[in-house]
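Dumped query-v1.cif below, it's mmCIF, C-alpha atoms (C1' of nucleotides):
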data_input
loop_
_atom_site.label_atom_id
_atom_site.label_comp_id
_atom_site.auth_asym_id
_atom_site.auth_seq_id
_atom_site.Cartn_x
_atom_site.Cartn_y
_atom_site.Cartn_z
CA MET O 1 136.72 66.70 96.14
CA THR O 2 137.17 69.63 93.82
CA LEU O 3 134.21 71.20 92.16
CA PRO O 4 134.18 72.02 88.47
CA LYS O 5 135.00 75.62 87.70
CA LEU O 6 132.52 78.20 86.54
CA VAL O 7 133.20 81.79 85.65
CA ILE O 8 130.33 84.20 86.09
CA ILE O 9 130.23 87.65 84.59
CA THR O 10 127.48 89.97 85.63
CA GLY O 11 126.76 93.62 86.24
CA PRO O 12 124.06 96.14 85.56
CA THR O 13 122.48 96.42 82.16
CA ALA O 14 124.55 98.37 79.64
CA ALA O 15 127.73 98.00 81.67
CA GLY O 16 129.49 96.10 78.92
CA LYS O 17 129.03 92.47 79.85
CA THR O 18 128.72 91.26 76.29
CA ALA O 19 131.86 92.93 75.05
CA LEU O 20 133.95 91.83 77.99
CA SER O 21 132.73 88.27 77.97
CA LEU O 22 133.49 87.89 74.28
CA LYS O 23 137.08 88.93 74.85
CA LEU O 24 137.58 86.84 77.95
CA ALA O 25 135.96 83.74 76.54
CA LYS O 26 138.12 84.02 73.46
CA LYS O 27 141.27 84.43 75.48
CA PHE O 28 140.58 81.63 77.94
CA THR O 29 139.02 79.17 75.49
CA GLY O 30 135.62 79.50 76.98
CA GLU O 31 132.02 79.18 75.93
CA ILE O 32 129.29 81.53 76.98
CA ILE O 33 126.06 80.58 78.66
CA SER O 34 123.66 83.49 78.67
CA ALA O 35 121.89 84.28 81.92
CA ASP O 36 119.43 86.68 80.42
CA SER O 37 115.73 86.10 80.66
CA ARG O 38 114.95 87.87 77.39
CA GLN O 39 117.81 86.89 75.15
CA ILE O 40 116.39 83.41 75.48
CA TYR O 41 113.94 84.40 72.77
CA THR O 42 114.45 84.44 69.06
CA GLN O 43 113.68 87.57 67.06
CA MET O 44 114.10 89.78 70.10
CA ASP O 45 117.50 90.96 69.04
CA ILE O 46 117.73 94.72 69.05
CA GLY O 47 115.74 95.39 72.20
CA THR O 48 117.63 92.85 74.26
CA ALA O 49 121.00 94.06 73.00
CA LYS O 50 122.09 90.65 71.89
CA ALA O 51 125.55 90.16 70.54
CA THR O 52 125.66 90.31 66.74
CA LYS O 53 125.39 87.21 64.59
CA LYS O 54 129.08 87.44 63.92
CA GLU O 55 129.98 87.69 67.57
CA LEU O 56 127.70 84.83 68.43
CA LYS O 57 129.55 82.70 65.92
CA ASN O 58 132.96 83.84 67.01
CA VAL O 59 132.57 82.34 70.47
CA PRO O 60 130.17 79.47 71.17
CA HIS O 61 127.03 80.74 72.86
CA HIS O 62 124.29 78.89 74.68
CA LEU O 63 120.81 79.69 75.90
CA ILE O 64 120.34 82.44 73.39
CA ASP O 65 117.56 82.06 70.84
CA VAL O 66 116.27 78.84 72.34
CA ARG O 67 112.58 79.76 72.42
CA THR O 68 110.21 81.63 70.20
CA PRO O 69 108.57 84.53 72.00
CA ASP O 70 105.22 82.81 72.31
CA LYS O 71 106.74 80.14 74.55
CA ASP O 72 107.24 80.87 78.20
CA TYR O 73 110.47 80.16 79.89
CA THR O 74 111.01 79.92 83.61
CA LEU O 75 113.63 79.94 86.29
CA ALA O 76 113.44 76.20 86.81
CA GLN O 77 113.95 75.54 83.13
CA PHE O 78 116.84 77.90 83.07
CA LYS O 79 118.50 76.22 85.98
CA ARG O 80 118.23 72.81 84.39
CA ASP O 81 119.36 73.96 80.96
CA ALA O 82 122.23 75.97 82.36
CA ILE O 83 123.60 73.16 84.49
CA LYS O 84 123.35 70.78 81.60
CA THR O 85 125.25 73.02 79.19
CA ILE O 86 127.84 73.94 81.77
CA LYS O 87 128.59 70.28 82.25
CA GLN O 88 128.86 69.70 78.53
CA ILE O 89 131.30 72.56 78.17
CA GLN O 90 133.40 71.25 81.00
CA LYS O 91 133.45 67.86 79.40
CA ARG O 92 134.90 69.45 76.29
CA GLY O 93 137.69 70.80 78.43
CA ARG O 94 136.63 74.36 77.96
CA VAL O 95 135.76 77.05 80.46
CA PRO O 96 132.11 77.86 80.99
CA PHE O 97 131.28 81.58 81.28
CA LEU O 98 127.89 82.32 82.67
CA VAL O 99 127.13 85.84 81.49
CA GLY O 100 124.11 87.98 82.09
CA GLY O 101 122.15 90.41 84.12
CA THR O 102 119.25 88.29 85.28
CA ALA O 103 120.43 88.08 88.82
CA LEU O 104 117.85 85.59 89.95
CA TYR O 105 119.02 83.18 87.29
CA ILE O 106 122.58 83.61 88.39
CA ASN O 107 121.61 83.26 91.99
CA ALA O 108 119.80 80.04 91.23
CA LEU O 109 123.17 78.55 90.33
CA VAL O 110 125.31 80.39 92.83
CA SER O 111 123.09 79.43 95.75
CA ASN O 112 121.82 76.25 94.14
CA LEU O 113 118.23 77.15 94.83
CA GLU O 114 116.02 74.10 94.95
CA ILE O 115 113.06 75.28 93.01
CA PRO O 116 109.85 73.60 94.06
CA GLU O 117 108.67 71.09 91.49
CA VAL O 118 105.38 72.79 90.91
CA LYS O 119 104.76 73.89 87.37
CA PRO O 120 102.88 77.05 86.57
CA ASN O 121 99.18 76.34 86.49
CA LYS O 122 97.72 78.84 84.10
CA LYS O 123 94.14 78.01 84.80
CA LEU O 124 94.57 78.39 88.50
CA ARG O 125 96.49 81.60 88.08
CA LYS O 126 93.79 83.09 85.96
CA LYS O 127 91.20 82.21 88.54
CA LEU O 128 93.24 83.61 91.39
CA GLU O 129 94.04 86.78 89.51
CA LYS O 130 90.40 87.68 89.72
CA LEU O 131 90.48 87.78 93.49
CA SER O 132 91.35 90.88 95.42
CA LEU O 133 94.61 91.15 97.21
CA ASN O 134 92.85 90.79 100.48
CA GLU O 135 91.06 87.64 99.48
CA LEU O 136 94.26 86.16 98.16
CA TYR O 137 96.06 86.87 101.33
CA LYS O 138 93.33 85.46 103.51
CA LYS O 139 93.40 82.31 101.48
CA LEU O 140 97.10 81.99 101.97
CA VAL O 141 96.82 82.58 105.69
CA SER O 142 94.40 79.71 105.99
CA LEU O 143 96.30 77.34 103.71
CA ASP O 144 99.88 78.06 104.63
CA PRO O 145 100.13 80.50 107.52
CA GLU O 146 103.86 80.31 107.64
CA ALA O 147 104.11 81.36 104.01
CA ALA O 148 101.76 84.22 104.71
CA TYR O 149 104.23 85.36 107.28
CA ILE O 150 107.15 85.31 104.85
CA ILE O 151 105.50 86.67 101.74
CA ASP O 152 104.89 90.33 101.05
CA PRO O 153 101.14 90.65 101.64
CA LYS O 154 100.90 93.31 98.97
CA ASN O 155 102.45 91.34 96.16
CA PRO O 156 99.72 89.41 94.38
CA ARG O 157 102.07 87.54 92.11
CA ARG O 158 104.01 86.08 95.00
CA ILE O 159 100.89 85.12 96.86
CA ILE O 160 99.46 83.43 93.80
CA ARG O 161 102.57 81.36 93.33
CA ALA O 162 102.47 80.29 96.96
CA LEU O 163 98.84 79.29 96.55
CA GLU O 164 99.75 77.42 93.40
CA ILE O 165 102.22 75.41 95.43
CA THR O 166 99.71 74.65 98.15
CA ALA O 167 97.26 73.57 95.47
CA SER O 168 99.67 70.83 94.51
CA GLY O 169 99.72 69.57 98.06
CA LYS O 170 102.96 71.18 99.15
CA LEU O 171 103.73 74.07 101.39
CA TYR O 172 105.51 77.09 100.06
CA SER O 173 107.04 77.69 103.43
CA GLN O 174 108.81 74.33 103.23
CA THR O 175 110.20 74.78 99.76
CA ARG O 176 112.72 77.54 100.04
CA LYS O 177 115.78 75.38 100.15
CA LYS O 178 119.32 75.57 98.97
CA GLY O 179 121.32 72.61 97.80
CA PRO O 180 125.06 72.01 98.15
CA GLN O 181 127.42 74.22 96.22
CA LEU O 182 127.58 73.15 92.60
CA PHE O 183 130.68 74.80 91.24
CA ASP O 184 133.92 76.38 92.13
CA MET O 185 132.93 79.87 91.07
CA LEU O 186 134.56 83.14 90.24
CA VAL O 187 131.97 85.87 90.09
CA LEU O 188 133.06 89.00 88.29
CA GLY O 189 130.94 92.12 88.34
CA ILE O 190 131.50 95.00 85.99
CA ASN O 191 131.77 98.14 88.00
CA ALA O 192 130.02 101.06 86.35
CA PRO O 193 129.56 104.32 88.22
CA GLY O 194 126.06 105.75 88.05
CA ALA O 195 126.83 108.67 85.79
CA LYS O 196 128.64 106.49 83.30
CA LEU O 197 125.95 103.87 83.35
CA LYS O 198 123.29 106.46 82.74
CA ARG O 199 125.20 107.70 79.73
CA ASN O 200 125.64 104.19 78.43
CA ILE O 201 121.96 103.50 78.79
CA GLU O 202 120.94 106.61 76.92
CA ARG O 203 123.37 105.99 74.15
CA ARG O 204 122.32 102.40 73.84
CA VAL O 205 118.63 103.18 73.64
CA ASP O 206 119.27 105.76 70.94
CA ILE O 207 121.20 103.18 68.98
CA GLN O 208 118.50 100.57 69.41
CA ILE O 209 115.96 102.96 68.02
CA LYS O 210 118.22 103.82 65.14
CA ASN O 211 118.80 100.14 64.45
CA GLY O 212 115.12 99.52 64.03
CA LEU O 213 113.65 98.57 67.37
CA VAL O 214 110.24 99.78 66.27
CA LYS O 215 110.33 97.59 63.23
CA GLU O 216 111.45 94.64 65.29
CA VAL O 217 108.49 95.11 67.60
CA LYS O 218 106.10 95.48 64.68
CA ASN O 219 107.27 92.21 63.21
CA LEU O 220 106.98 90.47 66.54
CA ILE O 221 103.45 91.71 67.07
CA LYS O 222 102.48 90.60 63.61
CA ARG O 223 103.59 87.08 64.38
CA TYR O 224 102.78 86.68 68.02
CA GLY O 225 100.36 89.40 69.05
CA LYS O 226 100.98 91.65 71.98
CA LYS O 227 100.35 89.17 74.73
CA PRO O 228 103.41 86.95 75.17
CA GLN O 229 105.17 87.16 78.46
CA ALA O 230 108.37 87.71 76.57
CA PHE O 231 107.13 91.16 75.53
CA ASP O 232 106.81 92.18 79.13
CA ALA O 233 110.21 93.70 78.76
CA ILE O 234 111.79 97.10 78.68
CA GLY O 235 111.87 98.52 75.20
CA TYR O 236 109.14 96.27 73.91
CA ARG O 237 106.44 97.38 76.26
CA GLU O 238 107.03 101.06 75.57
CA VAL O 239 107.18 100.63 71.81
CA ILE O 240 103.95 98.68 71.92
CA ALA O 241 102.34 101.52 73.87
CA TYR O 242 103.59 103.90 71.20
CA LEU O 243 102.24 101.74 68.39
CA GLU O 244 98.91 101.68 70.19
CA LYS O 245 99.08 105.49 70.23
CA LYS O 246 98.97 105.56 74.00
CA ILE O 247 102.16 107.58 74.14
CA THR O 248 104.17 109.57 71.64
CA PHE O 249 107.38 108.37 70.07
CA LYS O 250 109.36 110.80 72.15
CA GLU O 251 107.71 109.66 75.33
CA ALA O 252 108.40 106.08 74.44
CA ILE O 253 112.10 106.73 74.08
CA ALA O 254 112.25 108.68 77.31
CA GLN O 255 110.44 105.93 79.15
CA ILE O 256 112.69 103.23 77.81
CA LYS O 257 115.66 105.14 79.11
CA LYS O 258 114.11 105.74 82.46
CA ASN O 259 112.87 102.20 82.92
CA THR O 260 116.23 100.80 81.93
CA TRP O 261 117.80 102.97 84.57
CA TYR O 262 115.35 101.76 87.19
CA PHE O 263 116.10 98.25 86.16
CA ALA O 264 119.79 98.80 86.69
CA LYS O 265 119.04 100.09 90.16
CA ARG O 266 116.96 97.05 90.94
CA GLN O 267 119.72 94.79 89.74
CA ASN O 268 121.94 96.42 92.28
CA THR O 269 119.96 95.16 95.20
CA TRP O 270 120.71 91.66 93.99
CA PHE O 271 124.35 92.31 93.39
CA ARG O 272 124.81 93.32 96.99
CA LYS O 273 123.87 89.82 97.96
CA LEU O 274 126.02 87.94 95.47
CA PRO O 275 129.69 87.17 96.15
CA ILE O 276 130.89 89.52 93.45
CA ASN O 277 134.43 90.57 92.72
CA TRP O 278 133.99 94.00 91.23
CA ILE O 279 136.30 94.85 88.39
CA ASN O 280 137.00 98.15 86.71
CA ASN O 281 138.67 97.00 83.53
CA GLN O 282 139.56 94.06 81.39
CA GLY O 283 143.07 93.80 82.75
CA GLN O 284 141.83 93.27 86.25
CA ALA O 285 139.43 90.64 85.07
CA GLU O 286 142.13 88.77 83.18
CA LYS O 287 144.40 88.70 86.18
CA MET O 288 141.74 87.24 88.41
CA LEU O 289 140.68 84.78 85.78
CA ALA O 290 144.19 83.54 85.15
CA LYS O 291 144.70 82.93 88.82
CA PHE O 292 141.34 81.26 89.22
CA ILE O 293 141.88 78.88 86.34
CA ARG O 294 145.36 77.96 87.46
CA GLN O 295 144.23 77.00 90.96
"C1'" G F 1 108.82 156.34 90.30
"C1'" G F 2 103.70 153.78 90.83
"C1'" G F 3 100.32 149.14 90.85
"C1'" C F 4 99.86 144.07 91.43
"C1'" G F 5 101.83 138.96 91.97
"C1'" G F 6 105.53 135.83 93.79
"C1'" U F 7 109.81 133.90 97.24
"C1'" U F 8 107.91 126.66 101.11
"C1'" C F 9 112.36 119.69 100.88
"C1'" G F 10 116.68 118.77 94.22
"C1'" U F 11 112.69 120.72 90.74
"C1'" A F 12 107.56 121.88 90.31
"C1'" U F 13 103.42 122.64 93.59
"C1'" A F 14 99.60 122.89 98.23
"C1'" G F 15 98.84 125.68 102.42
"C1'" C F 16 94.73 131.59 103.33
"C1'" G F 17 95.93 131.28 112.72
"C1'" G F 18 96.94 125.01 115.69
"C1'" C F 19 101.77 121.75 110.64
"C1'" A F 20 107.34 118.90 110.40
"C1'" A F 21 103.79 121.25 106.74
"C1'" U F 22 100.34 118.75 100.56
"C1'" U F 23 100.97 116.55 95.86
"C1'" A F 24 103.95 115.15 91.46
"C1'" C F 25 108.56 114.01 89.51
"C1'" U F 26 113.51 113.21 90.68
"C1'" C F 27 116.37 110.78 94.33
"C1'" C F 28 117.63 106.88 98.04
"C1'" A F 29 116.77 102.14 100.09
"C1'" G F 30 114.61 97.22 100.26
"C1'" A F 31 112.01 92.26 99.10
"C1'" C F 32 112.50 88.42 95.67
"C1'" U F 33 113.08 80.14 94.85
"C1'" G F 34 108.82 77.61 87.96
"C1'" U F 35 106.25 85.38 85.07
"C1'" A F 36 112.39 88.16 87.29
"C1'" A F 37 113.84 93.37 81.66
"C1'" A F 38 108.62 90.54 85.79
"C1'" U F 39 106.10 91.63 90.46
"C1'" C F 40 106.02 94.32 94.94
"C1'" U F 41 107.45 97.56 99.36
"C1'" G F 42 109.54 101.53 102.27
"C1'" G F 43 111.95 106.44 102.94
"C1'" C F 44 112.72 111.53 101.61
"C1'" G F 45 114.42 118.34 107.86
"C1'" G F 46 117.62 116.34 112.10
"C1'" C F 47 118.15 113.17 116.45
"C1'" C F 48 116.35 109.15 119.43
"C1'" A F 49 112.50 105.57 118.85
"C1'" U F 50 107.61 100.10 119.80
"C1'" C F 51 102.93 103.13 119.78
"C1'" G F 52 105.87 107.60 120.16
"C1'" G F 53 109.05 111.55 121.63
"C1'" C F 54 112.50 115.76 121.28
"C1'" C F 55 114.85 119.64 118.38
"C1'" U F 56 115.45 123.08 114.03
"C1'" U F 57 112.51 124.84 109.67
"C1'" C F 58 108.67 127.76 104.98
"C1'" G F 59 113.82 134.72 101.51
"C1'" G F 60 116.06 138.43 105.94
"C1'" G F 61 114.67 141.37 110.21
"C1'" G F 62 110.91 143.13 113.46
"C1'" G F 63 105.77 142.96 115.33
"C1'" U F 64 100.47 141.11 116.60
"C1'" U F 65 98.82 136.44 119.09
"C1'" C F 66 98.20 131.40 124.12
"C1'" G F 67 99.86 129.91 119.17
"C1'" A F 68 102.33 132.36 112.49
"C1'" G F 69 104.36 129.25 106.51
"C1'" U F 70 99.62 131.48 107.22
"C1'" C F 71 98.00 138.38 109.82
"C1'" C F 72 100.83 143.40 110.15
"C1'" C F 73 105.46 146.47 109.23
"C1'" U F 74 110.01 146.63 106.83
"C1'" C F 75 114.23 145.11 103.81
"C1'" A F 76 116.09 141.97 99.72
"C1'" C F 77 115.38 139.36 95.22
"C1'" C F 78 112.28 137.72 90.93
"C1'" G F 79 107.92 138.40 87.44
"C1'" C F 80 104.04 141.20 84.98
"C1'" C F 81 101.50 145.95 84.17
"C1'" C F 82 101.33 151.56 84.22
"C1'" A F 83 104.74 155.74 83.84
#

What does this structure look like when you write it as structure tokens?
Amino acid sequence: MTLPKLVIITGPTAAGKTALSLKLAKKFTGEIISADSRQIYTQMDIGTAKATKKELKNVPHHLIDVRTPDKDYTLAQFKRDAIKTIKQIQKRGRVPFLVGGTALYINALVSNLEIPEVKPNKKLRKKLEKLSLNELYKKLVSLDPEAAYIIDPKNPRRIIRALEITASGKLYSQTRKKGPQLFDMLVLGINAPGAKLKRNIERRVDIQIKNGLVKEVKNLIKRYGKKPQAFDAIGYREVIAYLEKKITFKEAIAQIKKNTWYFAKRQNTWFRKLPINWINNQGQAEKMLAKFIRQ
RNA sequence: GGGCGGUUCGUAUAGCGGCAAUUACUCCAGACUGUAAAUCUGGCGGCCAUCGGCCUUCGGGGGUUCGAGUCCCUCACCGCCCA
């Protein structure tokens, strides 16, 4: 049995995924599925470095602008939505390109993670968030000792999720499963040396500011307040801090650059685990793609 | 020429006789299954390593001391002040 084909393009933030994927998708009659946890949201355009309206129209795009910022979106939803759209694209006889930097999202498809069917329980979370780390951990030890062994005892968010799962009658320690491989995949990673990436990041942030990031954030706050999870994102967080007069404009810009850089570093630890074919230029990518599609 | 202050890990800083040596930033590495651009962790003289152990370090040289980044002498460089 042959699996349907899926092309994946990833790489650190600001490496040029958008530009490359547009060209490749055009050339190989593809459609793009975004694997980006913030481009999901409408009105968050500048700060998430979305492709322009024109570009979005030029090649069919999916999973961009599918939620307003006040609505949460999760890994499980992404996995479902992504699989569904990939299948639709394949049915149309076109090539699906999964493109983005949210490595967990990509990994959910690559490794076919079976995400436990336990929805976020806001009430419970709020209650648990009031407990100290120690109390949380003790609770976990008594409810699911095996999970306590696996989970970082200093990471409250992880512990809370595990407790959330136990609250629904399941055990976190039994849920970390992988399903069978879903697709025949070609994973391309854009190789960007540190110095170059750093330059790209700085340039991009400057452009985002020039293009009106502050105004974008102001508008978002006006409509949705400062609370939405979606605003827990680089660029938005810092501008909000600036608007609240907690930091200066200059500091905000510097922090955006720095935090973006840290983010890129963090992405790297994921990339080391994914089966990535690193490419240095478009030509290389095209060659691999042509071969992959022919197979 | 004289007086004072300084020279410690990439940078900045602590240390005023028991120290492989503080803190901050940078940097490096890692975890990650319904918040993931989130959340969290570790390392930062070298070598081995389980607690731990061994070696080489605080501008250069010399000295005092059981023991010196810490005290003394001297040289070099930097800074400020008086000539």

message: Please report the interatomic distance between atom CA of O:Met44 and atom CA of O:Val110 in Å with one decimal.
response: 27.0 Å

message: At a cut-off of 6 Å, which residues of chain F touch chain O? Count all atoms listed in the file and give the answer as a PyMOL selection string.
response: chain F and resi 33-34+37+39-40

query: Which residue out of O:Ile201, O:Leu163, O:Met288, O:Ala148 has the minimum interatomic distance to O:Lys258 when all atoms listed in the file are used?
result: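 Closest residue, counting all atoms listed in the file: O:Ile201.
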
- request: Tell me, in Å to one decimal, how far atom CA of O:Ile106 is from atom CA of O:Leu197.
  value: 21.1 Å

message: I'd like the interatomic distance between atom CA of O:Gln181 and atom CA of O:Leu274, to a tenth of an Å.
response: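 Here the two named atoms are 13.8 Å from each other.
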
message: For stretch 9-22 of chain F, find every residue with an atom within 7 Å (counting only C-alpha atoms (C1' of nucleotides)), except residues of its own chain fewer than 4 positions away, and show them as a list in words.
response: G67, A68 and U70 of chain F

- prompt: Got a sec to resolve the PyMOL selection byres ((chain O and resi 279) around 8) on this structure and send the residues as an MDAnalysis selection string?
  reply: chainID O and resid 188:191 277:278 280:282 284:285

So that all listed atoms of stretch 47-56 of chain F fit with 3 Å spare on each side, what axis-aligned box centre and edge lengths in Å, to one decimal, would you give as lines of an AutoDock Vina configuration file?
center_x = 110.5
center_y = 111.6
center_z = 117.8
size_x = 21.2
size_y = 29.0
size_z = 13.6

query: Residues at most 10 Å from stretch 43-59 of chain F, counting only C-alpha atoms (C1' of nucleotides), excluding those fewer than 2 positions away in the same chain, as a PyMOL selection string?
result: chain F and resi 7-9+20-21+27-30+69+76-77

message: Can you tell me which residues surround O:Ile150 at a distance of at most 12 Å, considering all atoms listed in the file, apart from same-chain residues fewer than 6 positions away, and format the answer as a list in words?
response: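 These residues fall inside the cut-off: Tyr137, Leu140, Val141, Asp144, Arg158, Ile159, Ala162, Tyr172, Ser173, Gln174 and Arg176 of chain O; A31 and C32 of chain F.
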
Residues matched by the PyMOL selection byres ((chain O and resi 205-216) around 9) as a short mmCIF file (atom, residue, chain, number, x, y, z; two decimals) with C-alpha atoms, in the frame of the given file:
data_model
loop_
_atom_site.label_atom_id
_atom_site.label_comp_id
_atom_site.auth_asym_id
_atom_site.auth_seq_id
_atom_site.Cartn_x
_atom_site.Cartn_y
_atom_site.Cartn_z
CA GLN O 43 113.68 87.57 67.06
CA MET O 44 114.10 89.78 70.10
CA ASP O 45 117.50 90.96 69.04
CA ILE O 46 117.73 94.72 69.05
CA GLY O 47 115.74 95.39 72.20
CA ALA O 49 121.00 94.06 73.00
CA ASN O 200 125.64 104.19 78.43
CA ILE O 201 121.96 103.50 78.79
CA GLU O 202 120.94 106.61 76.92
CA ARG O 203 123.37 105.99 74.15
CA ARG O 204 122.32 102.40 73.84
CA VAL O 217 108.49 95.11 67.60
CA LYS O 218 106.10 95.48 64.68
CA ASN O 219 107.27 92.21 63.21
CA LEU O 220 106.98 90.47 66.54
CA ILE O 221 103.45 91.71 67.07
CA GLY O 235 111.87 98.52 75.20
CA TYR O 236 109.14 96.27 73.91
CA VAL O 239 107.18 100.63 71.81
CA ILE O 240 103.95 98.68 71.92
CA LEU O 243 102.24 101.74 68.39
CA ILE O 253 112.10 106.73 74.08
CA ILE O 256 112.69 103.23 77.81
CA LYS O 257 115.66 105.14 79.11
CA THR O 260 116.23 100.80 81.93
#

Taking the file as I've supplied it (selection: the PyMOL selection byres ((chain O and resi 33) around 12)), which residues are included? Please answer as a PDB file with C-alpha atoms, in the frame of the given file.
ATOM      1  CA  LEU O   6     132.520  78.200  86.540  1.00  0.00           C
ATOM      2  CA  VAL O   7     133.200  81.790  85.650  1.00  0.00           C
ATOM      3  CA  ILE O   8     130.330  84.200  86.090  1.00  0.00           C
ATOM      4  CA  ILE O   9     130.230  87.650  84.590  1.00  0.00           C
ATOM      5  CA  THR O  10     127.480  89.970  85.630  1.00  0.00           C
ATOM      6  CA  THR O  18     128.720  91.260  76.290  1.00  0.00           C
ATOM      7  CA  SER O  21     132.730  88.270  77.970  1.00  0.00           C
ATOM      8  CA  LEU O  22     133.490  87.890  74.280  1.00  0.00           C
ATOM      9  CA  ALA O  25     135.960  83.740  76.540  1.00  0.00           C
ATOM     10  CA  GLY O  30     135.620  79.500  76.980  1.00  0.00           C
ATOM     11  CA  GLU O  31     132.020  79.180  75.930  1.00  0.00           C
ATOM     12  CA  ILE O  32     129.290  81.530  76.980  1.00  0.00           C
ATOM     13  CA  SER O  34     123.660  83.490  78.670  1.00  0.00           C
ATOM     14  CA  ALA O  35     121.890  84.280  81.920  1.00  0.00           C
ATOM     15  CA  ASP O  36     119.430  86.680  80.420  1.00  0.00           C
ATOM     16  CA  SER O  37     115.730  86.100  80.660  1.00  0.00           C
ATOM     17  CA  GLN O  39     117.810  86.890  75.150  1.00  0.00           C
ATOM     18  CA  ILE O  40     116.390  83.410  75.480  1.00  0.00           C
ATOM     19  CA  LEU O  56     127.700  84.830  68.430  1.00  0.00           C
ATOM     20  CA  VAL O  59     132.570  82.340  70.470  1.00  0.00           C
ATOM     21  CA  PRO O  60     130.170  79.470  71.170  1.00  0.00           C
ATOM     22  CA  HIS O  61     127.030  80.740  72.860  1.00  0.00           C
ATOM     23  CA  HIS O  62     124.290  78.890  74.680  1.00  0.00           C
ATOM     24  CA  LEU O  63     120.810  79.690  75.900  1.00  0.00           C
ATOM     25  CA  ILE O  64     120.340  82.440  73.390  1.00  0.00           C
ATOM     26  CA  ASP O  65     117.560  82.060  70.840  1.00  0.00           C
ATOM     27  CA  VAL O  66     116.270  78.840  72.340  1.00  0.00           C
ATOM     28  CA  PHE O  78     116.840  77.900  83.070  1.00  0.00           C
ATOM     29  CA  LYS O  79     118.500  76.220  85.980  1.00  0.00           C
ATOM     30  CA  ASP O  81     119.360  73.960  80.960  1.00  0.00           C
ATOM     31  CA  ALA O  82     122.230  75.970  82.360  1.00  0.00           C
ATOM     32  CA  ILE O  83     123.600  73.160  84.490  1.00  0.00           C
ATOM     33  CA  LYS O  84     123.350  70.780  81.600  1.00  0.00           C
ATOM     34  CA  THR O  85     125.250  73.020  79.190  1.00  0.00           C
ATOM     35  CA  ILE O  86     127.840  73.940  81.770  1.00  0.00           C
ATOM     36  CA  LYS O  87     128.590  70.280  82.250  1.00  0.00           C
ATOM     37  CA  GLN O  88     128.860  69.700  78.530  1.00  0.00           C
ATOM     38  CA  ILE O  89     131.300  72.560  78.170  1.00  0.00           C
ATOM     39  CA  VAL O  95     135.760  77.050  80.460  1.00  0.00           C
ATOM     40  CA  PRO O  96     132.110  77.860  80.990  1.00  0.00           C
ATOM     41  CA  PHE O  97     131.280  81.580  81.280  1.00  0.00           C
ATOM     42  CA  LEU O  98     127.890  82.320  82.670  1.00  0.00           C
ATOM     43  CA  VAL O  99     127.130  85.840  81.490  1.00  0.00           C
ATOM     44  CA  GLY O 100     124.110  87.980  82.090  1.00  0.00           C
ATOM     45  CA  GLY O 101     122.150  90.410  84.120  1.00  0.00           C
ATOM     46  CA  TYR O 105     119.020  83.180  87.290  1.00  0.00           C
ATOM     47  CA  ILE O 106     122.580  83.610  88.390  1.00  0.00           C
TER      48      ILE O 106
END

For stretch 248-258 of chain O, write N, CA and C atoms out as an mmCIF file, in the first residue's frame.
data_model
loop_
_atom_site.group_PDB
_atom_site.id
_atom_site.type_symbol
_atom_site.label_atom_id
_atom_site.label_comp_id
_atom_site.auth_asym_id
_atom_site.auth_seq_id
_atom_site.Cartn_x
_atom_site.Cartn_y
_atom_site.Cartn_z
ATOM 1 N N THR O 248 10.100 51.009 27.222
ATOM 2 C CA THR O 248 10.117 52.043 26.196
ATOM 3 C C THR O 248 9.966 51.393 24.818
ATOM 4 N N PHE O 249 9.748 52.229 23.847
ATOM 5 C CA PHE O 249 9.591 51.764 22.476
ATOM 6 C C PHE O 249 10.851 51.036 22.016
ATOM 7 N N LYS O 250 11.966 51.659 22.343
ATOM 8 C CA LYS O 250 13.258 51.085 21.966
ATOM 9 C C LYS O 250 13.460 49.722 22.604
ATOM 10 N N GLU O 251 13.140 49.646 23.864
ATOM 11 C CA GLU O 251 13.274 48.373 24.571
ATOM 12 C C GLU O 251 12.382 47.313 23.935
ATOM 13 N N ALA O 252 11.198 47.740 23.580
ATOM 14 C CA ALA O 252 10.259 46.793 22.980
ATOM 15 C C ALA O 252 10.852 46.188 21.713
ATOM 16 N N ILE O 253 11.405 47.032 20.881
ATOM 17 C CA ILE O 253 11.979 46.539 19.632
ATOM 18 C C ILE O 253 13.141 45.583 19.913
ATOM 19 N N ALA O 254 13.995 46.000 20.832
ATOM 20 C CA ALA O 254 15.142 45.151 21.160
ATOM 21 C C ALA O 254 14.684 43.796 21.693
ATOM 22 N N GLN O 255 13.659 43.832 22.512
ATOM 23 C CA GLN O 255 13.174 42.573 23.078
ATOM 24 C C GLN O 255 12.528 41.677 22.033
ATOM 25 N N ILE O 256 11.821 42.288 21.115
ATOM 26 C CA ILE O 256 11.217 41.469 20.059
ATOM 27 C C ILE O 256 12.316 40.734 19.296
ATOM 28 N N LYS O 257 13.368 41.461 18.990
ATOM 29 C CA LYS O 257 14.463 40.843 18.251
ATOM 30 C C LYS O 257 15.085 39.710 19.051
ATOM 31 N N LYS O 258 15.331 39.986 20.290
ATOM 32 C CA LYS O 258 15.984 38.990 21.127
ATOM 33 C C LYS O 258 15.093 37.760 21.308
#
